[in-house]
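Structure file model23.json; described as JSON, C-alpha atoms.
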```json
[["chain", "number", "residue", "atom", "x", "y", "z"],
["Z", 1, "MET", "CA", -13.27, 3.13, 21.20],
["Z", 2, "ASN", "CA", -15.30, 0.68, 19.08],
["Z", 3, "ASP", "CA", -14.80, -2.82, 17.67],
["Z", 4, "ASN", "CA", -13.14, -1.49, 14.55],
["Z", 5, "GLN", "CA", -10.24, 0.22, 16.28],
["Z", 6, "SER", "CA", -6.76, -1.05, 17.10],
["Z", 7, "LEU", "CA", -6.09, -1.10, 20.84],
["Z", 8, "ILE", "CA", -2.39, -0.15, 20.76],
["Z", 9, "GLU", "CA", -0.51, 2.62, 19.01],
["Z", 10, "VAL", "CA", 2.28, 0.98, 16.99],
["Z", 11, "ASP", "CA", 4.72, 3.75, 17.89],
["Z", 12, "THR", "CA", 4.48, 2.82, 21.60],
["Z", 13, "LEU", "CA", 5.37, -0.87, 21.21],
["Z", 14, "ASN", "CA", 8.57, -2.34, 22.64],
["Z", 15, "SER", "CA", 10.56, -4.86, 20.58],
["Z", 16, "LYS", "CA", 8.73, -7.96, 21.86],
["Z", 17, "GLN", "CA", 5.33, -6.36, 21.40],
["Z", 18, "GLU", "CA", 6.29, -5.17, 17.93],
["Z", 19, "GLU", "CA", 7.32, -8.71, 16.95],
["Z", 20, "LYS", "CA", 3.96, -10.14, 18.09],
["Z", 21, "TYR", "CA", 2.10, -7.33, 16.33],
["Z", 22, "ARG", "CA", 4.02, -8.03, 13.11],
["Z", 23, "ARG", "CA", 3.31, -11.76, 13.37],
["Z", 24, "ILE", "CA", -0.42, -11.10, 13.79],
["Z", 25, "ILE", "CA", -0.49, -8.82, 10.74],
["Z", 26, "GLU", "CA", 1.56, -11.14, 8.53],
["Z", 27, "ALA", "CA", -0.49, -14.19, 9.56],
["Z", 28, "SER", "CA", -3.70, -12.27, 8.87],
["Z", 29, "ILE", "CA", -2.53, -11.27, 5.40],
["Z", 30, "GLU", "CA", -1.55, -14.86, 4.52],
["Z", 31, "ILE", "CA", -4.85, -16.36, 5.67],
["Z", 32, "ILE", "CA", -7.18, -13.62, 4.42],
["Z", 33, "ALA", "CA", -5.50, -13.74, 0.99],
["Z", 34, "THR", "CA", -6.61, -17.37, 0.61],
["Z", 35, "LYS", "CA", -9.80, -17.62, 2.70],
["Z", 36, "GLY", "CA", -11.21, -14.09, 2.72],
["Z", 37, "LEU", "CA", -12.07, -12.10, 5.84],
["Z", 38, "ASP", "CA", -15.44, -13.72, 6.53],
["Z", 39, "LYS", "CA", -14.02, -17.25, 6.55],
["Z", 40, "THR", "CA", -10.94, -16.29, 8.53],
["Z", 41, "SER", "CA", -11.26, -16.78, 12.26],
["Z", 42, "ILE", "CA", -9.18, -15.24, 15.00],
["Z", 43, "SER", "CA", -8.25, -18.83, 15.93],
["Z", 44, "ASP", "CA", -6.80, -19.26, 12.43],
["Z", 45, "ILE", "CA", -4.78, -16.08, 12.81],
["Z", 46, "VAL", "CA", -3.30, -16.80, 16.24],
["Z", 47, "LYS", "CA", -2.47, -20.39, 15.26],
["Z", 48, "ARG", "CA", -0.55, -19.16, 12.21],
["Z", 49, "ALA", "CA", 1.10, -16.39, 14.23],
["Z", 50, "GLY", "CA", 2.09, -18.78, 17.02],
["Z", 51, "ILE", "CA", 0.54, -16.73, 19.82],
["Z", 52, "ALA", "CA", -2.20, -17.21, 22.40],
["Z", 53, "GLN", "CA", -5.70, -16.08, 21.47],
["Z", 54, "GLY", "CA", -5.77, -13.70, 24.41],
["Z", 55, "THR", "CA", -2.68, -11.99, 23.03],
["Z", 56, "PHE", "CA", -4.59, -11.05, 19.88],
["Z", 57, "TYR", "CA", -7.05, -9.02, 21.95],
["Z", 58, "LEU", "CA", -4.25, -7.04, 23.53],
["Z", 59, "TYR", "CA", -3.63, -5.54, 20.10],
["Z", 60, "PHE", "CA", -6.98, -5.67, 18.28],
["Z", 61, "SER", "CA", -10.56, -5.61, 19.45],
["Z", 62, "SER", "CA", -11.87, -7.57, 16.44],
["Z", 63, "LYS", "CA", -11.04, -8.84, 12.95],
["Z", 64, "ASN", "CA", -12.30, -5.58, 11.49],
["Z", 65, "ALA", "CA", -9.74, -3.67, 13.54],
["Z", 66, "LEU", "CA", -7.04, -5.45, 11.55],
["Z", 67, "ILE", "CA", -7.95, -3.70, 8.31],
["Z", 68, "PRO", "CA", -6.15, -0.37, 8.73],
["Z", 69, "ALA", "CA", -3.16, -2.16, 10.27],
["Z", 70, "ILE", "CA", -2.97, -4.49, 7.27],
["Z", 71, "ALA", "CA", -3.28, -1.54, 4.89],
["Z", 72, "GLU", "CA", -0.46, 0.27, 6.68],
["Z", 73, "HIS", "CA", 1.73, -2.85, 6.62],
["Z", 74, "LEU", "CA", 1.22, -3.37, 2.88],
["Z", 75, "LEU", "CA", 1.92, 0.26, 2.09],
["Z", 76, "GLN", "CA", 5.09, 0.11, 4.18],
["Z", 77, "GLN", "CA", 6.18, -2.93, 2.15],
["Z", 78, "LEU", "CA", 5.49, -0.99, -1.04],
["Z", 79, "PHE", "CA", 7.40, 2.03, 0.22],
["Z", 80, "ASP", "CA", 10.37, -0.05, 1.42],
["Z", 81, "LYS", "CA", 10.62, -1.82, -1.94],
["Z", 82, "ILE", "CA", 10.40, 1.47, -3.83],
["Z", 83, "ARG", "CA", 13.13, 3.10, -1.75],
["Z", 84, "GLU", "CA", 15.35, 0.03, -2.15],
["Z", 85, "ARG", "CA", 14.75, -0.05, -5.91],
["Z", 86, "THR", "CA", 15.33, 3.68, -6.37],
["Z", 87, "LYS", "CA", 18.35, 4.31, -4.13],
["Z", 88, "GLU", "CA", 20.71, 4.07, -7.10],
["Z", 89, "SER", "CA", 18.44, 6.03, -9.45],
["Z", 90, "SER", "CA", 20.09, 9.05, -11.05],
["Z", 91, "SER", "CA", 16.96, 10.67, -12.42],
["Z", 92, "PHE", "CA", 13.31, 11.25, -11.56],
["Z", 93, "TRP", "CA", 12.31, 9.15, -14.56],
["Z", 94, "GLY", "CA", 14.22, 6.15, -13.24],
["Z", 95, "THR", "CA", 12.46, 6.65, -9.92],
["Z", 96, "LEU", "CA", 9.09, 6.90, -11.65],
["Z", 97, "GLN", "CA", 9.69, 3.66, -13.53],
["Z", 98, "SER", "CA", 10.58, 1.89, -10.29],
["Z", 99, "VAL", "CA", 7.46, 3.24, -8.57],
["Z", 100, "ILE", "CA", 5.34, 1.91, -11.44],
["Z", 101, "ASP", "CA", 7.08, -1.50, -11.42],
["Z", 102, "VAL", "CA", 6.82, -2.00, -7.65],
["Z", 103, "THR", "CA", 3.20, -0.80, -7.50],
["Z", 104, "PHE", "CA", 2.20, -3.36, -10.14],
["Z", 105, "GLU", "CA", 4.17, -6.12, -8.35],
["Z", 106, "VAL", "CA", 2.61, -5.44, -4.95],
["Z", 107, "THR", "CA", -0.89, -5.06, -6.39],
["Z", 108, "GLU", "CA", -0.62, -8.41, -8.15],
["Z", 109, "ALA", "CA", 0.81, -10.17, -5.08],
["Z", 110, "TYR", "CA", -1.78, -8.84, -2.61],
["Z", 111, "LYS", "CA", -4.81, -8.06, -4.76],
["Z", 112, "GLU", "CA", -7.34, -9.94, -2.59],
["Z", 113, "VAL", "CA", -6.10, -8.29, 0.57],
["Z", 114, "LEU", "CA", -6.00, -4.84, -1.05],
["Z", 115, "ILE", "CA", -9.61, -5.18, -2.18],
["Z", 116, "LEU", "CA", -10.51, -6.03, 1.41],
["Z", 117, "CYS", "CA", -8.59, -3.01, 2.70],
["Z", 118, "TYR", "CA", -10.33, -0.64, 0.31],
["Z", 119, "SER", "CA", -13.80, -1.90, 1.14],
["Z", 120, "GLY", "CA", -13.07, -2.24, 4.85],
["Z", 121, "LEU", "CA", -11.63, 1.23, 5.28],
["Z", 122, "ALA", "CA", -14.52, 2.72, 3.33],
["Z", 123, "PHE", "CA", -17.13, 0.87, 5.41],
["Z", 124, "TYR", "CA", -15.62, 0.71, 8.89],
["Z", 125, "HIS", "CA", -13.17, 3.59, 8.89],
["Z", 126, "SER", "CA", -12.69, 6.46, 6.45],
["Z", 127, "PHE", "CA", -10.65, 7.56, 3.49],
["Z", 128, "GLU", "CA", -9.01, 10.10, 5.80],
["Z", 129, "LYS", "CA", -7.33, 7.05, 7.33],
["Z", 130, "TRP", "CA", -5.92, 6.21, 3.90],
["Z", 131, "GLU", "CA", -4.50, 9.72, 3.65],
["Z", 132, "SER", "CA", -2.71, 9.40, 6.99],
["Z", 133, "ILE", "CA", -1.29, 5.99, 5.99],
["Z", 134, "TYR", "CA", -0.07, 7.35, 2.65],
["Z", 135, "LEU", "CA", 1.40, 10.58, 3.98],
["Z", 136, "PRO", "CA", 5.06, 9.41, 4.33],
["Z", 137, "TYR", "CA", 4.92, 7.97, 0.81],
["Z", 138, "TYR", "CA", 3.47, 11.17, -0.60],
["Z", 139, "GLU", "CA", 6.08, 13.28, 1.18],
["Z", 140, "TRP", "CA", 8.97, 11.18, -0.10],
["Z", 141, "PHE", "CA", 7.67, 11.17, -3.68],
["Z", 142, "GLU", "CA", 6.99, 14.91, -3.56],
["Z", 143, "SER", "CA", 10.59, 15.54, -2.44],
["Z", 144, "GLU", "CA", 11.78, 13.54, -5.45],
["Z", 145, "LEU", "CA", 9.59, 15.64, -7.72],
["Z", 146, "LYS", "CA", 10.95, 18.86, -6.23],
["Z", 147, "LYS", "CA", 14.50, 17.66, -6.89],
["Z", 148, "ALA", "CA", 13.53, 16.94, -10.49],
["Z", 149, "ILE", "CA", 12.17, 20.47, -10.86],
["Z", 150, "GLU", "CA", 15.41, 21.92, -9.51],
["Z", 151, "LYS", "CA", 17.42, 19.80, -11.97],
["Z", 152, "GLY", "CA", 15.24, 20.87, -14.89],
["Z", 153, "GLU", "CA", 13.86, 17.37, -15.52],
["Z", 154, "VAL", "CA", 10.29, 18.53, -14.91],
["Z", 155, "ILE", "CA", 8.45, 21.73, -15.79],
["Z", 156, "LYS", "CA", 8.46, 24.48, -13.17],
["Z", 157, "ASP", "CA", 5.53, 26.12, -11.39],
["Z", 158, "ILE", "CA", 3.48, 22.98, -10.82],
["Z", 159, "PRO", "CA", 1.73, 22.26, -7.51],
["Z", 160, "THR", "CA", 3.86, 19.36, -6.34],
["Z", 161, "GLU", "CA", 1.57, 18.17, -3.54],
["Z", 162, "THR", "CA", -1.51, 17.71, -5.70],
["Z", 163, "ASN", "CA", 0.48, 16.42, -8.66],
["Z", 164, "ILE", "CA", 2.06, 13.64, -6.60],
["Z", 165, "ARG", "CA", -1.34, 12.48, -5.40],
["Z", 166, "MET", "CA", -2.59, 12.41, -8.99],
["Z", 167, "ILE", "CA", 0.50, 10.50, -10.14],
["Z", 168, "VAL", "CA", 0.09, 7.88, -7.40],
["Z", 169, "ASN", "CA", -3.62, 7.56, -8.24],
["Z", 170, "VAL", "CA", -2.93, 7.08, -11.96],
["Z", 171, "ILE", "CA", -0.36, 4.35, -11.26],
["Z", 172, "GLU", "CA", -2.50, 2.53, -8.70],
["Z", 173, "GLN", "CA", -5.68, 2.70, -10.77],
["Z", 174, "ALA", "CA", -3.86, 1.23, -13.76],
["Z", 175, "ALA", "CA", -2.49, -1.62, -11.64],
["Z", 176, "GLU", "CA", -5.84, -2.25, -9.96],
["Z", 177, "GLY", "CA", -7.69, -2.15, -13.27],
["Z", 178, "LEU", "CA", -5.36, -4.84, -14.53],
["Z", 179, "TYR", "CA", -5.25, -7.16, -11.52],
["Z", 180, "PHE", "CA", -8.66, -6.63, -9.91],
["Z", 181, "SER", "CA", -10.46, -7.42, -13.15],
["Z", 182, "ASN", "CA", -11.73, -10.92, -13.92],
["Z", 183, "ASP", "CA", -11.17, -10.35, -17.64],
["Z", 184, "LYS", "CA", -9.01, -13.26, -18.81],
["Z", 185, "GLU", "CA", -8.61, -11.93, -22.35],
["Z", 186, "ARG", "CA", -6.62, -8.75, -21.85],
["Z", 187, "LYS", "CA", -6.24, -6.48, -24.84],
["Z", 188, "TYR", "CA", -2.89, -5.15, -23.65],
["Z", 189, "SER", "CA", 0.03, -6.78, -21.86],
["Z", 190, "THR", "CA", 1.20, -5.76, -18.41],
["Z", 191, "GLU", "CA", 4.37, -4.26, -19.88],
["Z", 192, "GLN", "CA", 2.38, -2.22, -22.39],
["Z", 193, "ILE", "CA", 0.11, -0.82, -19.68],
["Z", 194, "LYS", "CA", 3.12, 0.10, -17.52],
["Z", 195, "LYS", "CA", 4.75, 1.79, -20.51],
["Z", 196, "ASP", "CA", 1.57, 3.73, -21.27],
["Z", 197, "VAL", "CA", 1.34, 4.93, -17.65],
["Z", 198, "TYR", "CA", 4.99, 6.03, -17.70],
["Z", 199, "VAL", "CA", 4.59, 7.92, -20.99],
["Z", 200, "PHE", "CA", 1.34, 9.55, -19.85],
["Z", 201, "ILE", "CA", 2.90, 10.87, -16.63],
["Z", 202, "LYS", "CA", 6.12, 12.00, -18.32],
["Z", 203, "ARG", "CA", 4.21, 13.94, -20.97],
["Z", 204, "ALA", "CA", 2.17, 15.62, -18.25],
["Z", 205, "LEU", "CA", 5.31, 16.79, -16.44],
["Z", 206, "THR", "CA", 7.50, 17.89, -19.35]]
```
Any chance you could put this one into structure tokens?
Amino acid sequence: MNDNQSLIEVDTLNSKQEEKYRRIIEASIEIIATKGLDKTSISDIVKRAGIAQGTFYLYFSSKNALIPAIAEHLLQQLFDKIRERTKESSSFWGTLQSVIDVTFEVTEAYKEVLILCYSGLAFYHSFEKWESIYLPYYEWFESELKKAIEKGEVIKDIPTETNIRMIVNVIEQAAEGLYFSNDKERKYSTEQIKKDVYVFIKRALT
């Protein structure tokens, strides 16, 4: 184990441990979003989380070890919001629109932290870690695509696994291009970009 690894598997936590773990992650996100990782101290995090400093080290060996845990937490928030937004959806296209809307909302809300996660996972961890974090999301979205194929909403004989990854990438890159940029004079509105992404994906699948 090195200084960039979490010390505890989340799946093994009891309820009290899970609550402390969640408080550490949420406090880290709040502080890093405003101060950045370099200027955030572990003292800042534990003070905001309301725990002892020694408790932090029961869960994480360093600040860098927080990065994959933060990424997983943010993706779970994204996934939870998407499932909540789409539970009444009657078509794949309604689901797609909700995925686009929520992805843009989460990217805007947590852009500074997401940039940190991307750079941190690339430097300290690996993009294979991203794949493992995204797997439940991919599997859910792929099942929705398969249902759409069965209902005749989408063309048949497409590789659903690779197509879902491409769809997610298109949506995320559009959101990141909008919110990660420092360009104050945007040529297109957020709604126009979201509409263009929706139309592009729908044309590719029909």
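Among the candidates Z:Ile24, Z:Thr34, Z:Lys195, Z:Phe141, the one nearest to Tyr59 of chain Z when counting only C-alpha atoms is Z:Ile24.
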Using atom CA of Glu30 of chain Z and atom CA of Leu116 of chain Z as the two end points, give the distance in Å to one decimal.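 Calculated distance between atom CA of Glu30 of chain Z and atom CA of Leu116 of chain Z is 13.0 Å.
Comparing Z:Ser90, Z:Asn169, Z:Thr95, Z:Ser41 by their smallest distance to Lys63 of chain Z, the closest is Z:Ser41 (using all atoms listed in the file).
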Point out the residue among Z:Glu153, Z:Glu172, Z:Glu191, Z:Asp38 with the least atom-to-atom distance to Thr206 of chain Z, counting all atoms listed in the file.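 Closest residue, counting all atoms listed in the file: Z:Glu153.
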Using all atoms listed in the file, can you tell me which of Z:Arg165, Z:Lys35, Z:Phe92, Z:Ile133 comes closest to Phe79 of chain Z?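 So, comparing all the options, the nearest one is Z:Ile133.
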Point out the residue among Z:Ser181, Z:Leu114, Z:Glu144, Z:Ile42 with the least atom-to-atom distance to Ser89 of chain Z, counting only C-alpha atoms.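 Between Z:Ser181, Z:Leu114, Z:Glu144, Z:Ile42, the residue approaching Ser89 of chain Z most closely is Z:Glu144.
Taking atom CA of Val168 of chain Z and atom CA of Glu142 of chain Z as the two end points, the separation is 10.6 Å.
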Ranking Z:Val170, Z:Ala71, Z:Ala65, Z:Ile32 by minimum distance to Tyr198 of chain Z and counting only C-alpha atoms, which one comes first?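 Checking each candidate against Tyr198 of chain Z, we get Z:Val170 as the closest.
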Find the residues near Arg23 of chain Z: any atom within 10 Å, counting only C-alpha atoms, skip ones fewer than 3 places away on the same chain, and give them as a PyMOL selection string. chain Z and resi 17-20+26-29+45-46+48-51
Atom CA of Ser61 of chain Z to atom CA of Tyr118 of chain Z, distance in Å rounded to a single decimal: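 It comes out at 19.8 Å.
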